[in-house]
Amino acid sequence: MSKSNPVLANVREALSTVIDPEIRRPITDLGMVDDLTIDANGVLHVTVLLTVAGCPLRNTIEQDVTNAVTKVPGVTGLQLTIGAMNAEQRAALTSKLRGGAPAPVIPFAQPGSLTRVIAVASGKGGVGKSSMTVNLALALAKQGYHVGLLDADIYGHSVPDLLGIPEDARPTMVDSMIMPVPVEYVSADGKKAVLKVISMGMLKESRDQVIAWRGPILDRALTQLLAEVFWGDLDFFLIDLPPGTGDVAMSIGQKLPGSDMIVVTTPQPSVAWVSERAGTMGSMLHQNVIGVIENMSWFETVCPHCDQPHRVEIFGSGGGQQTADALTDRLAHDVPLLAQIPMVYALGAGAEINAPIVIAYPDSPAAEAINDVAEHLVTTKTSLAGKPLGLITN
């Protein structure tokens, strides 16, 4: 069998279009094509090495390789062998993905990082913070941006359920490096959205396992999720923080100084008051509070008497603006009310049955409001306040 047949050049070019679905790079760049020959009859012999033997996306890679090479002129057949990298090959891949860095580092905290980091916070639970984070991430991804999503709510991780990720879905390990779980949607308006997602819920042995961590153990887990996950090149990195001002929120602020923060609240004044504290603590940790989202602002219903739609403010009104005004005064810079999101079934229970609202119902008022926030993030520049600039002084 020949390794110098001119057809092989076209085959290699075709294989370079096959993207590893977890790492999101061509398999040729990752050293996954181990052997490539063609015999006198035009039958191609290809050996592809998976990062690990039990790679959950083996069938996807096998099908993509088959589709790519069988279209090459001169290839009359295919004999595809799927193997797995040995320890030395995985170590080389890990080193390459880390850019030769000797130890795990948090890429988003490095000078020169072009990824915009946005932490989504709330003063208390039950305000729809996770739903806002998931839908905002998908709204950005629908615009073609590379988006990563970290579910940092260690104790109440709900992102996997909101995204419809199966309970048995697990990230792939390449030595000590973790590959985020890819999530892909095609929305009702035909736009594709791809996310890279990691949640502590994916790393537990079972969904009902209780996590009871504090202090150093919790801090090490967060460092692992930030530094030992291969996020790749991202335009936006969204973090779903746990509610309140506890250990996780403080650790994220310390590990990612200069990141942006959005505060989610509801219309009640009592909720607005605790929401102010979440934004204030973020500012104390050198995060830039860029705005407030008011969720559950109203419920629209048709009056049985006049047959006209009416807004019913079930939880009152004004909490979002109250939070924005208070943070503007306290932080001495403009903290706008970015959006008021109406209450709709699709944003709550409907999301767990169908899909997040920006995917399932992109023309709904709630989805349009979230898309407006995403557009605001795209068109505004991140602040340099608190960011490490890598300057050297004598």
# chains A, B, ... in the order shown; residues from 1 in each chain; ligands from 1
$ residues_around --residues "Glu13 in chain A" --least-positions-apart "6" --cutoff "12 Å" --atoms "only C-alpha atoms" --output "list in words"
Pro6, Val7, Pro26, Ile27, Thr28, Asp29, Val65, Ala68, Val69, Lys71 and Val72 of chain A
$ write_last_selection --atoms "C-alpha atoms" --output "PDB file, in the first residue's frame"
ATOM      1  CA  PRO A   6      -1.321  11.824  -5.120  1.00  0.00           C
ATOM      2  CA  VAL A   7      -4.911  11.063  -4.050  1.00  0.00           C
ATOM      3  CA  PRO A  26      -9.596  19.640  12.960  1.00  0.00           C
ATOM      4  CA  ILE A  27      -8.632  16.066  13.774  1.00  0.00           C
ATOM      5  CA  THR A  28      -5.528  16.514  11.612  1.00  0.00           C
ATOM      6  CA  ASP A  29      -4.308  19.331  13.892  1.00  0.00           C
ATOM      7  CA  VAL A  65     -14.563  10.925   8.553  1.00  0.00           C
ATOM      8  CA  ALA A  68     -15.382  13.457   4.110  1.00  0.00           C
ATOM      9  CA  VAL A  69     -13.047  10.911   2.504  1.00  0.00           C
ATOM     10  CA  LYS A  71     -16.231  12.070  -1.618  1.00  0.00           C
ATOM     11  CA  VAL A  72     -12.593  12.379  -2.716  1.00  0.00           C
TER      12      VAL A  72
END
$ select_by_dssp --residues "range 252-318 of chain A" --states "strand (DSSP E or B)" --output "list in words"
Asp260, Met261, Ile262, Val263, Val264, Thr265, Asn288, Val289, Ile290, Gly291, Val292, Ile293, Glu294, Asn295, Met296, Ser297, Trp298, Phe299, Glu300, Thr301, Val302, Pro309, His310, Arg311 and Val312 of chain A
$ write_last_selection --atoms "N, CA and C atoms" --output "mmCIF file, in the first residue's frame"
data_model
loop_
_atom_site.group_PDB
_atom_site.id
_atom_site.type_symbol
_atom_site.label_atom_id
_atom_site.label_comp_id
_atom_site.auth_asym_id
_atom_site.auth_seq_id
_atom_site.Cartn_x
_atom_site.Cartn_y
_atom_site.Cartn_z
ATOM 1 N N ASP A 260 -17.150 41.187 33.834
ATOM 2 C CA ASP A 260 -18.404 41.931 33.920
ATOM 3 C C ASP A 260 -19.423 41.157 34.753
ATOM 4 N N MET A 261 -20.429 41.871 35.231
ATOM 5 C CA MET A 261 -21.495 41.240 36.007
ATOM 6 C C MET A 261 -22.840 41.820 35.622
ATOM 7 N N ILE A 262 -23.836 40.940 35.470
ATOM 8 C CA ILE A 262 -25.225 41.342 35.289
ATOM 9 C C ILE A 262 -26.006 40.834 36.494
ATOM 10 N N VAL A 263 -26.833 41.681 37.069
ATOM 11 C CA VAL A 263 -27.631 41.314 38.234
ATOM 12 C C VAL A 263 -29.071 41.062 37.787
ATOM 13 N N VAL A 264 -29.616 39.911 38.181
ATOM 14 C CA VAL A 264 -30.999 39.565 37.866
ATOM 15 C C VAL A 264 -31.849 39.742 39.117
ATOM 16 N N THR A 265 -32.972 40.409 38.950
ATOM 17 C CA THR A 265 -33.872 40.646 40.073
ATOM 18 C C THR A 265 -35.312 40.485 39.589
ATOM 19 N N ASN A 288 -17.013 44.476 37.052
ATOM 20 C CA ASN A 288 -17.683 45.648 36.493
ATOM 21 C C ASN A 288 -19.170 45.349 36.318
ATOM 22 N N VAL A 289 -20.017 45.926 37.142
ATOM 23 C CA VAL A 289 -21.462 45.696 37.062
ATOM 24 C C VAL A 289 -22.000 46.497 35.884
ATOM 25 N N ILE A 290 -22.471 45.793 34.852
ATOM 26 C CA ILE A 290 -22.825 46.469 33.607
ATOM 27 C C ILE A 290 -24.330 46.631 33.421
ATOM 28 N N GLY A 291 -25.145 46.052 34.303
ATOM 29 C CA GLY A 291 -26.577 46.249 34.130
ATOM 30 C C GLY A 291 -27.413 45.309 34.969
ATOM 31 N N VAL A 292 -28.720 45.554 34.923
ATOM 32 C CA VAL A 292 -29.703 44.796 35.701
ATOM 33 C C VAL A 292 -30.767 44.265 34.744
ATOM 34 N N ILE A 293 -31.180 43.035 34.947
ATOM 35 C CA ILE A 293 -32.322 42.460 34.228
ATOM 36 C C ILE A 293 -33.436 42.215 35.239
ATOM 37 N N GLU A 294 -34.614 42.738 34.954
ATOM 38 C CA GLU A 294 -35.783 42.468 35.795
ATOM 39 C C GLU A 294 -36.583 41.349 35.156
ATOM 40 N N ASN A 295 -36.680 40.218 35.850
ATOM 41 C CA ASN A 295 -37.430 39.071 35.356
ATOM 42 C C ASN A 295 -38.820 39.042 35.995
ATOM 43 N N MET A 296 -39.752 38.353 35.345
ATOM 44 C CA MET A 296 -41.128 38.224 35.848
ATOM 45 C C MET A 296 -41.789 39.593 36.028
ATOM 46 N N SER A 297 -41.549 40.466 35.079
ATOM 47 C CA SER A 297 -42.013 41.853 35.224
ATOM 48 C C SER A 297 -43.531 41.971 35.197
ATOM 49 N N TRP A 298 -44.181 41.178 34.351
ATOM 50 C CA TRP A 298 -45.641 41.202 34.284
ATOM 51 C C TRP A 298 -46.128 39.931 33.587
ATOM 52 N N PHE A 299 -47.403 39.701 33.694
ATOM 53 C CA PHE A 299 -48.044 38.589 32.999
ATOM 54 C C PHE A 299 -49.157 39.154 32.137
ATOM 55 N N GLU A 300 -49.112 38.828 30.845
ATOM 56 C CA GLU A 300 -50.120 39.361 29.936
ATOM 57 C C GLU A 300 -51.238 38.346 29.751
ATOM 58 N N THR A 301 -52.478 38.802 29.954
ATOM 59 C CA THR A 301 -53.639 37.928 29.823
ATOM 60 C C THR A 301 -54.754 38.673 29.103
ATOM 61 N N VAL A 302 -55.654 37.936 28.509
ATOM 62 C CA VAL A 302 -56.778 38.532 27.790
ATOM 63 C C VAL A 302 -57.967 38.656 28.737
ATOM 64 N N PRO A 309 -55.876 42.409 25.583
ATOM 65 C CA PRO A 309 -54.772 41.970 26.449
ATOM 66 C C PRO A 309 -54.476 43.013 27.530
ATOM 67 N N HIS A 310 -54.197 42.542 28.713
ATOM 68 C CA HIS A 310 -53.840 43.416 29.826
ATOM 69 C C HIS A 310 -52.601 42.878 30.517
ATOM 70 N N ARG A 311 -51.754 43.787 30.978
ATOM 71 C CA ARG A 311 -50.595 43.391 31.763
ATOM 72 C C ARG A 311 -50.979 43.343 33.241
ATOM 73 N N VAL A 312 -50.681 42.235 33.867
ATOM 74 C CA VAL A 312 -50.942 42.079 35.296
ATOM 75 C C VAL A 312 -49.593 42.000 36.000
#
$ select_by_dssp --residues "range 280-338 of chain A" --states "helix (DSSP H, G or I)" --output "ChimeraX atom specification"
/A:280-284,319-331
$ atom_distance --atom1 "CA of Glu184 in chain A" --atom2 "CA of Val159 in chain A"
14.2 Å
$ residues_around --residues "Thr60 in chain A" --least-positions-apart "6" --cutoff "12 Å" --atoms "only C-alpha atoms" --output "PyMOL selection string"
chain A and resi 18-22+50+66-67+82
$ write_last_selection --atoms "all heavy atoms" --output "PDB file, in the first residue's frame"
ATOM      1  N   VAL A  18     -12.774  17.721   9.067  1.00  0.00           N
ATOM      2  CA  VAL A  18     -13.462  16.974  10.126  1.00  0.00           C
ATOM      3  C   VAL A  18     -13.076  17.580  11.474  1.00  0.00           C
ATOM      4  O   VAL A  18     -11.900  17.583  11.852  1.00  0.00           O
ATOM      5  CB  VAL A  18     -13.102  15.477  10.086  1.00  0.00           C
ATOM      6  CG1 VAL A  18     -13.791  14.736  11.225  1.00  0.00           C
ATOM      7  CG2 VAL A  18     -13.484  14.880   8.740  1.00  0.00           C
ATOM      8  N   ILE A  19     -14.065  18.101  12.169  1.00  0.00           N
ATOM      9  CA  ILE A  19     -13.825  18.809  13.425  1.00  0.00           C
ATOM     10  C   ILE A  19     -14.176  17.902  14.604  1.00  0.00           C
ATOM     11  O   ILE A  19     -15.267  17.318  14.639  1.00  0.00           O
ATOM     12  CB  ILE A  19     -14.668  20.100  13.491  1.00  0.00           C
ATOM     13  CG1 ILE A  19     -14.419  20.966  12.248  1.00  0.00           C
ATOM     14  CG2 ILE A  19     -14.367  20.869  14.769  1.00  0.00           C
ATOM     15  CD1 ILE A  19     -12.991  21.431  12.089  1.00  0.00           C
ATOM     16  N   ASP A  20     -13.247  17.785  15.538  1.00  0.00           N
ATOM     17  CA  ASP A  20     -13.571  17.050  16.761  1.00  0.00           C
ATOM     18  C   ASP A  20     -14.707  17.772  17.474  1.00  0.00           C
ATOM     19  O   ASP A  20     -14.599  18.967  17.760  1.00  0.00           O
ATOM     20  CB  ASP A  20     -12.342  16.970  17.688  1.00  0.00           C
ATOM     21  CG  ASP A  20     -12.618  16.169  18.935  1.00  0.00           C
ATOM     22  OD1 ASP A  20     -13.243  16.748  19.863  1.00  0.00           O
ATOM     23  OD2 ASP A  20     -12.237  14.995  19.011  1.00  0.00           O
ATOM     24  N   PRO A  21     -15.827  17.101  17.755  1.00  0.00           N
ATOM     25  CA  PRO A  21     -17.004  17.793  18.288  1.00  0.00           C
ATOM     26  C   PRO A  21     -16.836  18.319  19.705  1.00  0.00           C
ATOM     27  O   PRO A  21     -17.627  19.150  20.139  1.00  0.00           O
ATOM     28  CB  PRO A  21     -18.108  16.713  18.230  1.00  0.00           C
ATOM     29  CG  PRO A  21     -17.379  15.422  18.177  1.00  0.00           C
ATOM     30  CD  PRO A  21     -16.087  15.680  17.480  1.00  0.00           C
ATOM     31  N   GLU A  22     -15.829  17.869  20.430  1.00  0.00           N
ATOM     32  CA  GLU A  22     -15.599  18.370  21.787  1.00  0.00           C
ATOM     33  C   GLU A  22     -14.536  19.462  21.809  1.00  0.00           C
ATOM     34  O   GLU A  22     -14.723  20.517  22.410  1.00  0.00           O
ATOM     35  CB  GLU A  22     -15.183  17.217  22.708  1.00  0.00           C
ATOM     36  CG  GLU A  22     -16.307  16.215  22.942  1.00  0.00           C
ATOM     37  CD  GLU A  22     -15.869  15.076  23.815  1.00  0.00           C
ATOM     38  OE1 GLU A  22     -14.828  14.450  23.526  1.00  0.00           O
ATOM     39  OE2 GLU A  22     -16.558  14.806  24.805  1.00  0.00           O
ATOM     40  N   LEU A  50      -8.941   8.190  18.904  1.00  0.00           N
ATOM     41  CA  LEU A  50      -9.752   8.994  19.805  1.00  0.00           C
ATOM     42  C   LEU A  50      -8.904   9.416  21.000  1.00  0.00           C
ATOM     43  O   LEU A  50      -7.919   8.762  21.346  1.00  0.00           O
ATOM     44  CB  LEU A  50     -10.968   8.201  20.282  1.00  0.00           C
ATOM     45  CG  LEU A  50     -11.880   7.625  19.189  1.00  0.00           C
ATOM     46  CD1 LEU A  50     -12.980   6.789  19.816  1.00  0.00           C
ATOM     47  CD2 LEU A  50     -12.460   8.733  18.340  1.00  0.00           C
ATOM     48  N   THR A  66     -15.965   9.308   7.445  1.00  0.00           N
ATOM     49  CA  THR A  66     -16.479   8.551   6.300  1.00  0.00           C
ATOM     50  C   THR A  66     -17.061   9.476   5.236  1.00  0.00           C
ATOM     51  O   THR A  66     -16.771   9.340   4.038  1.00  0.00           O
ATOM     52  CB  THR A  66     -17.548   7.540   6.760  1.00  0.00           C
ATOM     53  OG1 THR A  66     -16.973   6.656   7.721  1.00  0.00           O
ATOM     54  CG2 THR A  66     -18.079   6.736   5.589  1.00  0.00           C
ATOM     55  N   ASN A  67     -17.886  10.432   5.681  1.00  0.00           N
ATOM     56  CA  ASN A  67     -18.507  11.363   4.737  1.00  0.00           C
ATOM     57  C   ASN A  67     -17.458  12.203   4.008  1.00  0.00           C
ATOM     58  O   ASN A  67     -17.613  12.511   2.814  1.00  0.00           O
ATOM     59  CB  ASN A  67     -19.480  12.282   5.474  1.00  0.00           C
ATOM     60  CG  ASN A  67     -20.702  11.544   5.970  1.00  0.00           C
ATOM     61  OD1 ASN A  67     -21.023  10.461   5.490  1.00  0.00           O
ATOM     62  ND2 ASN A  67     -21.402  12.122   6.935  1.00  0.00           N
ATOM     63  N   ILE A  82     -10.782   2.632  14.183  1.00  0.00           N
ATOM     64  CA  ILE A  82     -10.873   3.587  15.278  1.00  0.00           C
ATOM     65  C   ILE A  82     -10.079   3.036  16.465  1.00  0.00           C
ATOM     66  O   ILE A  82     -10.356   1.941  16.967  1.00  0.00           O
ATOM     67  CB  ILE A  82     -12.332   3.835  15.701  1.00  0.00           C
ATOM     68  CG1 ILE A  82     -13.147   4.376  14.520  1.00  0.00           C
ATOM     69  CG2 ILE A  82     -12.386   4.796  16.884  1.00  0.00           C
ATOM     70  CD1 ILE A  82     -12.728   5.748  14.046  1.00  0.00           C
TER      71      ILE A  82
END
$ residues_around --residues "range 359-361 of chain A" --least-positions-apart "5" --cutoff "10 Å" --atoms "only C-alpha atoms" --output "JSON, numbers by chain"
{"A": [135, 138, 139, 142, 185, 186, 187, 188, 189, 190, 191, 192, 193, 346, 347, 350, 351, 354, 366, 367, 368]}
$ write_last_selection --atoms "all heavy atoms" --output "short mmCIF file (atom, residue, chain, number, x, y, z; two decimals), in the first residue's frame"
data_model
loop_
_atom_site.label_atom_id
_atom_site.label_comp_id
_atom_site.auth_asym_id
_atom_site.auth_seq_id
_atom_site.Cartn_x
_atom_site.Cartn_y
_atom_site.Cartn_z
N ASN A 135 -30.40 31.42 28.36
CA ASN A 135 -30.98 32.06 27.18
C ASN A 135 -30.08 33.15 26.62
O ASN A 135 -30.01 33.32 25.39
CB ASN A 135 -32.36 32.62 27.52
CG ASN A 135 -33.45 31.58 27.46
OD1 ASN A 135 -33.92 31.20 26.39
ND2 ASN A 135 -33.85 31.08 28.63
N LEU A 138 -27.34 31.39 24.66
CA LEU A 138 -27.85 30.92 23.38
C LEU A 138 -28.12 32.07 22.41
O LEU A 138 -27.90 31.94 21.20
CB LEU A 138 -29.11 30.10 23.59
CG LEU A 138 -28.91 28.71 24.22
CD1 LEU A 138 -30.24 28.11 24.65
CD2 LEU A 138 -28.19 27.78 23.25
N ALA A 139 -28.59 33.19 22.94
CA ALA A 139 -28.83 34.35 22.08
C ALA A 139 -27.53 34.84 21.45
O ALA A 139 -27.50 35.23 20.27
CB ALA A 139 -29.50 35.46 22.89
N LYS A 142 -26.43 32.24 18.80
CA LYS A 142 -27.22 32.33 17.58
C LYS A 142 -26.67 33.40 16.64
O LYS A 142 -26.90 33.34 15.43
CB LYS A 142 -28.68 32.64 17.91
CG LYS A 142 -29.48 31.45 18.40
CD LYS A 142 -30.90 31.86 18.78
CE LYS A 142 -31.67 32.45 17.62
NZ LYS A 142 -33.06 32.79 17.99
N TYR A 185 -28.18 23.56 19.20
CA TYR A 185 -29.60 23.74 18.91
C TYR A 185 -29.74 24.39 17.53
O TYR A 185 -28.87 25.16 17.10
CB TYR A 185 -30.26 24.69 19.91
CG TYR A 185 -30.68 24.08 21.23
CD1 TYR A 185 -29.98 24.37 22.40
CD2 TYR A 185 -31.79 23.26 21.32
CE1 TYR A 185 -30.38 23.85 23.62
CE2 TYR A 185 -32.20 22.73 22.53
CZ TYR A 185 -31.49 23.03 23.68
OH TYR A 185 -31.89 22.51 24.88
N VAL A 186 -30.85 24.11 16.88
CA VAL A 186 -31.30 24.90 15.73
C VAL A 186 -32.63 25.48 16.15
O VAL A 186 -33.58 24.76 16.44
CB VAL A 186 -31.43 24.06 14.46
CG1 VAL A 186 -31.99 24.92 13.33
CG2 VAL A 186 -30.08 23.46 14.07
N SER A 187 -32.70 26.81 16.19
CA SER A 187 -33.90 27.46 16.71
C SER A 187 -35.03 27.45 15.70
O SER A 187 -34.83 27.12 14.52
CB SER A 187 -33.58 28.91 17.11
OG SER A 187 -33.31 29.70 15.98
N ALA A 188 -36.20 27.83 16.16
CA ALA A 188 -37.38 27.83 15.30
C ALA A 188 -37.24 28.80 14.13
O ALA A 188 -37.93 28.66 13.12
CB ALA A 188 -38.62 28.18 16.12
N ASP A 189 -36.35 29.79 14.25
CA ASP A 189 -36.13 30.71 13.13
C ASP A 189 -34.96 30.27 12.25
O ASP A 189 -34.47 31.03 11.42
CB ASP A 189 -35.92 32.14 13.63
CG ASP A 189 -34.78 32.25 14.64
OD1 ASP A 189 -34.12 31.22 14.91
OD2 ASP A 189 -34.55 33.36 15.16
N GLY A 190 -34.48 29.03 12.46
CA GLY A 190 -33.48 28.45 11.58
C GLY A 190 -32.04 28.78 11.91
O GLY A 190 -31.13 28.39 11.18
N LYS A 191 -31.79 29.46 13.02
CA LYS A 191 -30.43 29.83 13.38
C LYS A 191 -29.81 28.77 14.29
O LYS A 191 -30.48 28.24 15.18
CB LYS A 191 -30.41 31.19 14.07
CG LYS A 191 -30.85 32.34 13.17
CD LYS A 191 -30.79 33.67 13.89
CE LYS A 191 -31.23 34.80 12.97
NZ LYS A 191 -31.23 36.11 13.68
N LYS A 192 -28.53 28.50 14.06
CA LYS A 192 -27.82 27.48 14.82
C LYS A 192 -27.12 28.11 16.01
O LYS A 192 -26.56 29.20 15.92
CB LYS A 192 -26.81 26.78 13.92
CG LYS A 192 -26.08 25.60 14.54
CD LYS A 192 -25.15 24.96 13.51
CE LYS A 192 -24.40 23.77 14.09
NZ LYS A 192 -23.51 23.16 13.08
N ALA A 193 -27.16 27.42 17.14
CA ALA A 193 -26.49 27.90 18.36
C ALA A 193 -25.70 26.75 18.96
O ALA A 193 -26.24 25.67 19.20
CB ALA A 193 -27.50 28.42 19.37
N ALA A 346 -43.28 29.48 28.50
CA ALA A 346 -42.14 28.94 27.78
C ALA A 346 -40.82 29.23 28.48
O ALA A 346 -39.83 28.53 28.28
CB ALA A 346 -42.09 29.51 26.37
N LEU A 347 -40.78 30.27 29.30
CA LEU A 347 -39.55 30.64 30.00
C LEU A 347 -39.39 29.84 31.29
O LEU A 347 -38.28 29.71 31.81
CB LEU A 347 -39.55 32.13 30.33
CG LEU A 347 -38.24 32.77 30.79
CD1 LEU A 347 -37.13 32.52 29.78
CD2 LEU A 347 -38.43 34.26 30.99
N GLY A 350 -42.11 25.46 30.46
CA GLY A 350 -42.04 25.12 29.04
C GLY A 350 -40.62 24.89 28.56
O GLY A 350 -40.39 24.12 27.63
N ALA A 351 -39.65 25.57 29.19
CA ALA A 351 -38.26 25.42 28.77
C ALA A 351 -37.76 24.01 29.01
O ALA A 351 -36.94 23.48 28.25
CB ALA A 351 -37.38 26.42 29.51
N ASN A 354 -39.67 21.77 26.16
CA ASN A 354 -39.30 22.00 24.76
C ASN A 354 -37.82 22.38 24.63
O ASN A 354 -36.98 21.53 24.40
CB ASN A 354 -40.19 23.11 24.17
CG ASN A 354 -41.66 22.75 24.22
OD1 ASN A 354 -42.07 21.75 23.65
ND2 ASN A 354 -42.46 23.55 24.90
N ALA A 366 -40.59 37.82 25.41
CA ALA A 366 -39.50 37.52 26.35
C ALA A 366 -38.21 37.23 25.60
O ALA A 366 -37.13 37.71 25.98
CB ALA A 366 -39.90 36.34 27.23
N ALA A 367 -38.29 36.43 24.53
CA ALA A 367 -37.09 36.11 23.75
C ALA A 367 -36.52 37.36 23.08
O ALA A 367 -35.30 37.55 23.04
CB ALA A 367 -37.42 35.05 22.70
N GLU A 368 -37.39 38.21 22.57
CA GLU A 368 -36.91 39.43 21.93
C GLU A 368 -36.20 40.34 22.93
O GLU A 368 -35.19 40.97 22.60
CB GLU A 368 -38.08 40.16 21.28
CG GLU A 368 -38.62 39.43 20.04
CD GLU A 368 -39.80 40.14 19.41
OE1 GLU A 368 -40.36 41.05 20.08
OE2 GLU A 368 -40.18 39.79 18.28
#
$ residues_around --residues "range 267-274 of chain A" --least-positions-apart "2" --cutoff "8 Å" --atoms "only C-alpha atoms" --output "ChimeraX atom specification"
/A:123-124,244,265,276-278,294-297,315-320,322-323
$ write_last_selection --atoms "N, CA, C and O atoms" --output "PDB file, in the first residue's frame"
ATOM      1  N   GLY A 123     -29.445  38.297  44.117  1.00  0.00           N
ATOM      2  CA  GLY A 123     -29.372  38.386  45.569  1.00  0.00           C
ATOM      3  C   GLY A 123     -29.982  37.189  46.253  1.00  0.00           C
ATOM      4  O   GLY A 123     -29.605  36.834  47.371  1.00  0.00           O
ATOM      5  N   LYS A 124     -30.935  36.536  45.600  1.00  0.00           N
ATOM      6  CA  LYS A 124     -31.614  35.386  46.175  1.00  0.00           C
ATOM      7  C   LYS A 124     -32.011  34.420  45.080  1.00  0.00           C
ATOM      8  O   LYS A 124     -31.978  34.766  43.891  1.00  0.00           O
ATOM      9  N   GLY A 244     -26.881  35.029  46.019  1.00  0.00           N
ATOM     10  CA  GLY A 244     -26.313  35.536  47.265  1.00  0.00           C
ATOM     11  C   GLY A 244     -24.859  35.955  47.137  1.00  0.00           C
ATOM     12  O   GLY A 244     -24.322  36.119  46.038  1.00  0.00           O
ATOM     13  N   THR A 265     -32.972  40.409  38.950  1.00  0.00           N
ATOM     14  CA  THR A 265     -33.872  40.646  40.073  1.00  0.00           C
ATOM     15  C   THR A 265     -35.312  40.485  39.589  1.00  0.00           C
ATOM     16  O   THR A 265     -35.558  40.136  38.433  1.00  0.00           O
ATOM     17  N   GLU A 276     -29.162  44.388  45.232  1.00  0.00           N
ATOM     18  CA  GLU A 276     -28.146  45.441  45.313  1.00  0.00           C
ATOM     19  C   GLU A 276     -26.874  44.917  45.978  1.00  0.00           C
ATOM     20  O   GLU A 276     -25.755  45.263  45.583  1.00  0.00           O
ATOM     21  N   ARG A 277     -27.039  44.064  46.976  1.00  0.00           N
ATOM     22  CA  ARG A 277     -25.870  43.544  47.694  1.00  0.00           C
ATOM     23  C   ARG A 277     -25.014  42.663  46.794  1.00  0.00           C
ATOM     24  O   ARG A 277     -23.781  42.669  46.888  1.00  0.00           O
ATOM     25  N   ALA A 278     -25.659  41.871  45.921  1.00  0.00           N
ATOM     26  CA  ALA A 278     -24.894  41.027  44.997  1.00  0.00           C
ATOM     27  C   ALA A 278     -24.040  41.883  44.071  1.00  0.00           C
ATOM     28  O   ALA A 278     -22.863  41.583  43.824  1.00  0.00           O
ATOM     29  N   GLU A 294     -34.614  42.738  34.954  1.00  0.00           N
ATOM     30  CA  GLU A 294     -35.783  42.468  35.795  1.00  0.00           C
ATOM     31  C   GLU A 294     -36.583  41.349  35.156  1.00  0.00           C
ATOM     32  O   GLU A 294     -37.100  41.495  34.053  1.00  0.00           O
ATOM     33  N   ASN A 295     -36.680  40.218  35.850  1.00  0.00           N
ATOM     34  CA  ASN A 295     -37.430  39.071  35.356  1.00  0.00           C
ATOM     35  C   ASN A 295     -38.820  39.042  35.995  1.00  0.00           C
ATOM     36  O   ASN A 295     -39.043  39.629  37.043  1.00  0.00           O
ATOM     37  N   MET A 296     -39.752  38.353  35.345  1.00  0.00           N
ATOM     38  CA  MET A 296     -41.128  38.224  35.848  1.00  0.00           C
ATOM     39  C   MET A 296     -41.789  39.593  36.028  1.00  0.00           C
ATOM     40  O   MET A 296     -42.521  39.829  36.990  1.00  0.00           O
ATOM     41  N   SER A 297     -41.549  40.466  35.079  1.00  0.00           N
ATOM     42  CA  SER A 297     -42.013  41.853  35.224  1.00  0.00           C
ATOM     43  C   SER A 297     -43.531  41.971  35.197  1.00  0.00           C
ATOM     44  O   SER A 297     -44.107  42.790  35.910  1.00  0.00           O
ATOM     45  N   PHE A 315     -46.095  40.608  40.725  1.00  0.00           N
ATOM     46  CA  PHE A 315     -45.142  40.852  41.805  1.00  0.00           C
ATOM     47  C   PHE A 315     -44.885  42.340  42.033  1.00  0.00           C
ATOM     48  O   PHE A 315     -43.846  42.719  42.577  1.00  0.00           O
ATOM     49  N   GLY A 316     -45.818  43.176  41.612  1.00  0.00           N
ATOM     50  CA  GLY A 316     -45.611  44.609  41.772  1.00  0.00           C
ATOM     51  C   GLY A 316     -44.782  45.166  40.635  1.00  0.00           C
ATOM     52  O   GLY A 316     -44.701  44.581  39.551  1.00  0.00           O
ATOM     53  N   SER A 317     -44.158  46.288  40.884  1.00  0.00           N
ATOM     54  CA  SER A 317     -43.365  46.929  39.824  1.00  0.00           C
ATOM     55  C   SER A 317     -42.255  47.770  40.442  1.00  0.00           C
ATOM     56  O   SER A 317     -42.298  48.125  41.618  1.00  0.00           O
ATOM     57  N   GLY A 318     -41.261  48.045  39.611  1.00  0.00           N
ATOM     58  CA  GLY A 318     -40.229  48.999  40.001  1.00  0.00           C
ATOM     59  C   GLY A 318     -38.960  48.415  40.571  1.00  0.00           C
ATOM     60  O   GLY A 318     -37.970  49.139  40.753  1.00  0.00           O
ATOM     61  N   GLY A 319     -38.929  47.113  40.864  1.00  0.00           N
ATOM     62  CA  GLY A 319     -37.754  46.545  41.512  1.00  0.00           C
ATOM     63  C   GLY A 319     -36.501  46.608  40.666  1.00  0.00           C
ATOM     64  O   GLY A 319     -35.406  46.855  41.183  1.00  0.00           O
ATOM     65  N   GLY A 320     -36.636  46.367  39.369  1.00  0.00           N
ATOM     66  CA  GLY A 320     -35.471  46.413  38.505  1.00  0.00           C
ATOM     67  C   GLY A 320     -34.859  47.797  38.428  1.00  0.00           C
ATOM     68  O   GLY A 320     -33.641  47.957  38.529  1.00  0.00           O
ATOM     69  N   GLN A 322     -35.270  50.143  40.612  1.00  0.00           N
ATOM     70  CA  GLN A 322     -34.754  50.460  41.949  1.00  0.00           C
ATOM     71  C   GLN A 322     -33.344  49.902  42.130  1.00  0.00           C
ATOM     72  O   GLN A 322     -32.449  50.587  42.652  1.00  0.00           O
ATOM     73  N   THR A 323     -33.143  48.660  41.691  1.00  0.00           N
ATOM     74  CA  THR A 323     -31.812  48.056  41.798  1.00  0.00           C
ATOM     75  C   THR A 323     -30.801  48.802  40.940  1.00  0.00           C
ATOM     76  O   THR A 323     -29.685  49.092  41.391  1.00  0.00           O
TER      77      THR A 323
END
$ closest_residue --among "A:Thr81, A:Thr280, A:Gln89, A:Thr379" --to "Asp329 in chain A" --atoms "only C-alpha atoms"
A:Thr280
$ closest_residue --among "A:Leu36, A:Leu93, A:Ile198, A:Leu57" --to "Leu80 in chain A" --atoms "only C-alpha atoms"
A:Leu36
$ residues_around --residues "Thr76 in chain A" --least-positions-apart "3" --cutoff "9 Å" --atoms "only C-alpha atoms" --output "ChimeraX atom specification"
/A:41-44,70,72-73
$ closest_residue --among "A:Pro111, A:Thr245, A:Gln340, A:Val48" --to "Met85 in chain A" --atoms "only C-alpha atoms"
A:Val48
